[in-house]
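Coordinates as given in work_37.txt (compact mmCIF, N, CA and C atoms):
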```txt
# COMPACT_ATOMS: atom_id res chain seq x y z
N MET A 42 69.18 85.73 240.09
CA MET A 42 69.44 85.11 241.37
C MET A 42 70.92 84.74 241.46
N ILE A 43 71.55 85.11 242.53
CA ILE A 43 72.91 84.67 242.82
C ILE A 43 72.94 84.23 244.28
N GLU A 44 73.40 83.02 244.49
CA GLU A 44 73.54 82.50 245.84
C GLU A 44 74.92 81.88 245.96
N SER A 45 75.66 82.22 246.99
CA SER A 45 76.96 81.59 247.19
C SER A 45 77.14 81.27 248.66
N TRP A 46 77.92 80.23 248.91
CA TRP A 46 78.21 79.81 250.28
C TRP A 46 79.56 79.11 250.30
N THR A 47 80.16 79.10 251.48
CA THR A 47 81.47 78.47 251.67
C THR A 47 81.32 77.31 252.64
N LYS A 48 82.03 76.23 252.32
CA LYS A 48 81.98 75.05 253.18
C LYS A 48 83.40 74.58 253.44
N LYS A 49 83.71 74.32 254.69
CA LYS A 49 85.01 73.79 255.05
C LYS A 49 84.85 72.31 255.36
N PHE A 50 85.68 71.49 254.73
CA PHE A 50 85.59 70.05 254.88
C PHE A 50 86.58 69.56 255.94
N ALA A 51 86.36 68.36 256.42
CA ALA A 51 87.18 67.79 257.51
C ALA A 51 88.66 67.72 257.15
N ASP A 52 88.97 67.57 255.86
CA ASP A 52 90.37 67.47 255.44
C ASP A 52 91.04 68.84 255.31
N GLY A 53 90.31 69.91 255.67
CA GLY A 53 90.88 71.24 255.64
C GLY A 53 90.60 72.04 254.37
N LYS A 54 90.01 71.43 253.37
CA LYS A 54 89.70 72.13 252.12
C LYS A 54 88.53 73.08 252.35
N THR A 55 88.63 74.26 251.76
CA THR A 55 87.55 75.23 251.79
C THR A 55 87.07 75.44 250.37
N VAL A 56 85.78 75.24 250.15
CA VAL A 56 85.20 75.34 248.81
C VAL A 56 84.09 76.39 248.84
N THR A 57 84.09 77.25 247.83
CA THR A 57 83.02 78.23 247.66
C THR A 57 82.15 77.78 246.50
N PHE A 58 80.88 77.59 246.78
CA PHE A 58 79.91 77.17 245.78
C PHE A 58 79.07 78.37 245.38
N LYS A 59 78.57 78.36 244.11
CA LYS A 59 77.75 79.47 243.65
C LYS A 59 76.69 78.97 242.68
N ILE A 60 75.49 79.53 242.80
CA ILE A 60 74.39 79.30 241.87
C ILE A 60 74.03 80.66 241.29
N GLU A 61 74.02 80.76 239.96
CA GLU A 61 73.65 82.01 239.28
C GLU A 61 72.66 81.70 238.17
N GLY A 62 71.74 82.62 237.92
CA GLY A 62 70.85 82.47 236.79
C GLY A 62 69.38 82.64 237.14
N ASP A 63 68.55 82.24 236.18
CA ASP A 63 67.10 82.29 236.37
C ASP A 63 66.45 81.22 235.51
N GLY A 64 65.15 81.06 235.68
CA GLY A 64 64.42 80.02 234.96
C GLY A 64 64.33 80.23 233.46
N LYS A 65 64.51 81.46 233.00
CA LYS A 65 64.42 81.74 231.56
C LYS A 65 65.73 81.43 230.84
N SER A 66 66.84 81.92 231.39
CA SER A 66 68.13 81.75 230.70
C SER A 66 68.92 80.54 231.21
N GLY A 67 68.47 79.93 232.28
CA GLY A 67 69.16 78.76 232.82
C GLY A 67 70.07 79.13 233.98
N PHE A 68 70.65 78.12 234.57
CA PHE A 68 71.48 78.30 235.75
C PHE A 68 72.91 77.84 235.50
N VAL A 69 73.84 78.50 236.17
CA VAL A 69 75.25 78.14 236.15
C VAL A 69 75.63 77.77 237.58
N TYR A 70 76.25 76.63 237.74
CA TYR A 70 76.69 76.16 239.05
C TYR A 70 78.21 76.14 239.04
N SER A 71 78.84 76.65 240.09
CA SER A 71 80.29 76.68 240.12
C SER A 71 80.82 76.36 241.51
N ALA A 72 82.08 75.93 241.53
CA ALA A 72 82.78 75.64 242.77
C ALA A 72 84.23 76.07 242.61
N GLY A 73 84.74 76.78 243.59
CA GLY A 73 86.13 77.21 243.58
C GLY A 73 86.79 76.77 244.88
N MET A 74 88.05 76.35 244.80
CA MET A 74 88.69 75.78 245.97
C MET A 74 90.13 76.24 246.11
N ASP A 75 90.44 76.84 247.23
CA ASP A 75 91.81 77.13 247.65
C ASP A 75 92.72 77.60 246.51
N GLY A 76 92.28 78.61 245.78
CA GLY A 76 93.12 79.17 244.73
C GLY A 76 93.09 78.44 243.40
N ARG A 77 92.40 77.32 243.32
CA ARG A 77 92.29 76.60 242.05
C ARG A 77 91.27 77.28 241.16
N ASP A 78 91.35 76.98 239.88
CA ASP A 78 90.36 77.51 238.95
C ASP A 78 88.96 77.05 239.35
N THR A 79 88.00 77.86 239.02
CA THR A 79 86.61 77.53 239.30
C THR A 79 86.10 76.52 238.28
N LYS A 80 85.42 75.53 238.76
CA LYS A 80 84.78 74.53 237.90
C LYS A 80 83.33 74.94 237.74
N GLU A 81 82.83 74.97 236.48
CA GLU A 81 81.45 75.37 236.22
C GLU A 81 80.68 74.31 235.46
N ILE A 82 79.41 74.23 235.76
CA ILE A 82 78.49 73.39 235.00
C ILE A 82 77.34 74.30 234.58
N THR A 83 77.05 74.35 233.29
CA THR A 83 76.05 75.29 232.78
C THR A 83 74.92 74.57 232.07
N GLY A 84 73.89 75.32 231.77
CA GLY A 84 72.82 74.81 230.91
C GLY A 84 71.65 74.17 231.62
N SER A 85 71.62 74.19 232.91
CA SER A 85 70.50 73.59 233.63
C SER A 85 69.34 74.57 233.68
N VAL A 86 68.14 74.10 233.38
CA VAL A 86 66.96 74.96 233.48
C VAL A 86 66.27 74.78 234.83
N LYS A 87 66.77 73.85 235.63
CA LYS A 87 66.20 73.59 236.94
C LYS A 87 67.15 74.11 238.00
N VAL A 88 66.63 74.82 238.99
CA VAL A 88 67.47 75.28 240.08
C VAL A 88 67.64 74.12 241.07
N LEU A 89 68.88 73.87 241.44
CA LEU A 89 69.20 72.79 242.37
C LEU A 89 69.34 73.32 243.79
N THR A 90 69.23 72.45 244.76
CA THR A 90 69.45 72.82 246.16
C THR A 90 70.94 72.91 246.42
N ARG A 91 71.31 73.50 247.55
CA ARG A 91 72.72 73.56 247.93
C ARG A 91 73.31 72.15 248.02
N GLU A 92 72.56 71.23 248.60
CA GLU A 92 73.04 69.85 248.73
C GLU A 92 73.27 69.21 247.37
N ASP A 93 72.37 69.48 246.42
CA ASP A 93 72.53 68.95 245.06
C ASP A 93 73.80 69.48 244.42
N VAL A 94 74.07 70.77 244.60
CA VAL A 94 75.26 71.39 244.02
C VAL A 94 76.53 70.80 244.64
N GLU A 95 76.55 70.65 245.95
CA GLU A 95 77.71 70.06 246.61
C GLU A 95 77.95 68.64 246.12
N THR A 96 76.89 67.88 245.94
CA THR A 96 77.00 66.50 245.43
C THR A 96 77.52 66.49 244.00
N MET A 97 77.07 67.44 243.18
CA MET A 97 77.48 67.52 241.79
C MET A 97 79.00 67.73 241.67
N PHE A 98 79.59 68.44 242.63
CA PHE A 98 81.02 68.75 242.57
C PHE A 98 81.87 67.86 243.47
N VAL A 99 81.33 66.75 243.94
CA VAL A 99 82.06 65.90 244.89
C VAL A 99 83.38 65.40 244.32
N ASN A 100 83.44 65.07 243.05
CA ASN A 100 84.70 64.59 242.44
C ASN A 100 85.73 65.71 242.33
N TYR A 101 85.26 66.91 242.02
CA TYR A 101 86.15 68.08 241.94
C TYR A 101 86.79 68.34 243.31
N VAL A 102 85.99 68.26 244.35
CA VAL A 102 86.49 68.49 245.71
C VAL A 102 87.46 67.37 246.11
N ALA A 103 87.14 66.14 245.78
CA ALA A 103 87.98 65.00 246.14
C ALA A 103 89.34 65.05 245.47
N ARG A 104 89.40 65.54 244.23
CA ARG A 104 90.68 65.61 243.49
C ARG A 104 91.57 66.74 243.99
N GLY A 105 90.95 67.73 244.64
CA GLY A 105 91.70 68.92 245.08
C GLY A 105 92.73 68.56 246.06
```
Give the structure from this file in structure tokens form.
Amino acid sequence: MIESWTKKFADGKTVTFKIEGDGKSGFVYSAGMDGRDTKEITGSVKVLTREDVETMFVNYVARG
């Protein structure tokens, strides 16, 4: 499974979020923003919702 989406925030930042993986090998969650390196969180065996993923990266987006 691979799911990705882009969200533009009120401050003008554009972030691309991605969920990759499956229930057997686990999931990788990532966020990339405006040319910055992608931040990844790995090792989750539970698939999160888009809202959960956006919340997980809120500090990464705020620091950008």
Compute the distance from (68.9, 79.1, 237.6) to each atom, counting only N, CA and C atoms, keep the residues with any atom at most 7 Å away, and return them as a ChimeraX atom specification; use the coordinates of the file.
/A:60-69,85-89
Would you give me, as a PyMOL selection string, the residues in chain A that DSSP reads as strand (DSSP E or B)?
chain A and resi 43-49+55-63+67-74+80-85
Do a neighbour search on Val56 of chain A at 7 Å with all atoms listed in the file, toss out local chain neighbours closer than 5 positions, and write the hits as a count of residues only.
9
If you measure from atom N of Glu44 of chain A to atom N of Glu81 of chain A, what distance in Å do you get, rounded to one decimal?
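So the answer is 14.8 Å.
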In chain A, what's helix (DSSP H, G or I) per DSSP? Answer as a short mmCIF file (atom, residue, chain, number, x, y, z; two decimals) with N, CA and C atoms, keeping the file's coordinate frame?
```
data_model
loop_
_atom_site.label_atom_id
_atom_site.label_comp_id
_atom_site.auth_asym_id
_atom_site.auth_seq_id
_atom_site.Cartn_x
_atom_site.Cartn_y
_atom_site.Cartn_z
N ARG A 91 71.31 73.50 247.55
CA ARG A 91 72.72 73.56 247.93
C ARG A 91 73.31 72.15 248.02
N GLU A 92 72.56 71.23 248.60
CA GLU A 92 73.04 69.85 248.73
C GLU A 92 73.27 69.21 247.37
N ASP A 93 72.37 69.48 246.42
CA ASP A 93 72.53 68.95 245.06
C ASP A 93 73.80 69.48 244.42
N VAL A 94 74.07 70.77 244.60
CA VAL A 94 75.26 71.39 244.02
C VAL A 94 76.53 70.80 244.64
N GLU A 95 76.55 70.65 245.95
CA GLU A 95 77.71 70.06 246.61
C GLU A 95 77.95 68.64 246.12
N THR A 96 76.89 67.88 245.94
CA THR A 96 77.00 66.50 245.43
C THR A 96 77.52 66.49 244.00
N MET A 97 77.07 67.44 243.18
CA MET A 97 77.48 67.52 241.79
C MET A 97 79.00 67.73 241.67
N VAL A 99 81.33 66.75 243.94
CA VAL A 99 82.06 65.90 244.89
C VAL A 99 83.38 65.40 244.32
N ASN A 100 83.44 65.07 243.05
CA ASN A 100 84.70 64.59 242.44
C ASN A 100 85.73 65.71 242.33
N TYR A 101 85.26 66.91 242.02
CA TYR A 101 86.15 68.08 241.94
C TYR A 101 86.79 68.34 243.31
N VAL A 102 85.99 68.26 244.35
CA VAL A 102 86.49 68.49 245.71
C VAL A 102 87.46 67.37 246.11
N ALA A 103 87.14 66.14 245.78
CA ALA A 103 87.98 65.00 246.14
C ALA A 103 89.34 65.05 245.47
N ARG A 104 89.40 65.54 244.23
CA ARG A 104 90.68 65.61 243.49
C ARG A 104 91.57 66.74 243.99
#
```
Between atom N of Gly84 of chain A and atom CA of Thr57 of chain A, what is the spacing in Å?
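Answer for the atom CA of Thr57 of chain A to atom N of Gly84 of chain A separation: 18.6 Å.
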Any idea what the distance is between atom CA of Asp93 of chain A and atom CA of Tyr70 of chain A?
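If I compute the distance from atom CA of Asp93 of chain A to atom CA of Tyr70 of chain A, I get 10.3 Å.
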Just need the box for segment 43-51 of chain A, edges along x, y and z, holding every atom the file lists for it with 4 Å tacked onto each side, so centre and edge lengths in Å to one decimal, as lines of an AutoDock Vina configuration file.
```
center_x = 80.1
center_y = 76.4
center_z = 250.0
size_x = 25.1
size_y = 25.4
size_z = 23.0
```
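Using only C-alpha atoms, the nearest neighbour of Asp52 of chain A within the list A:Ala103, A:Ser71, A:Met97, A:Ile82 is A:Ala103.
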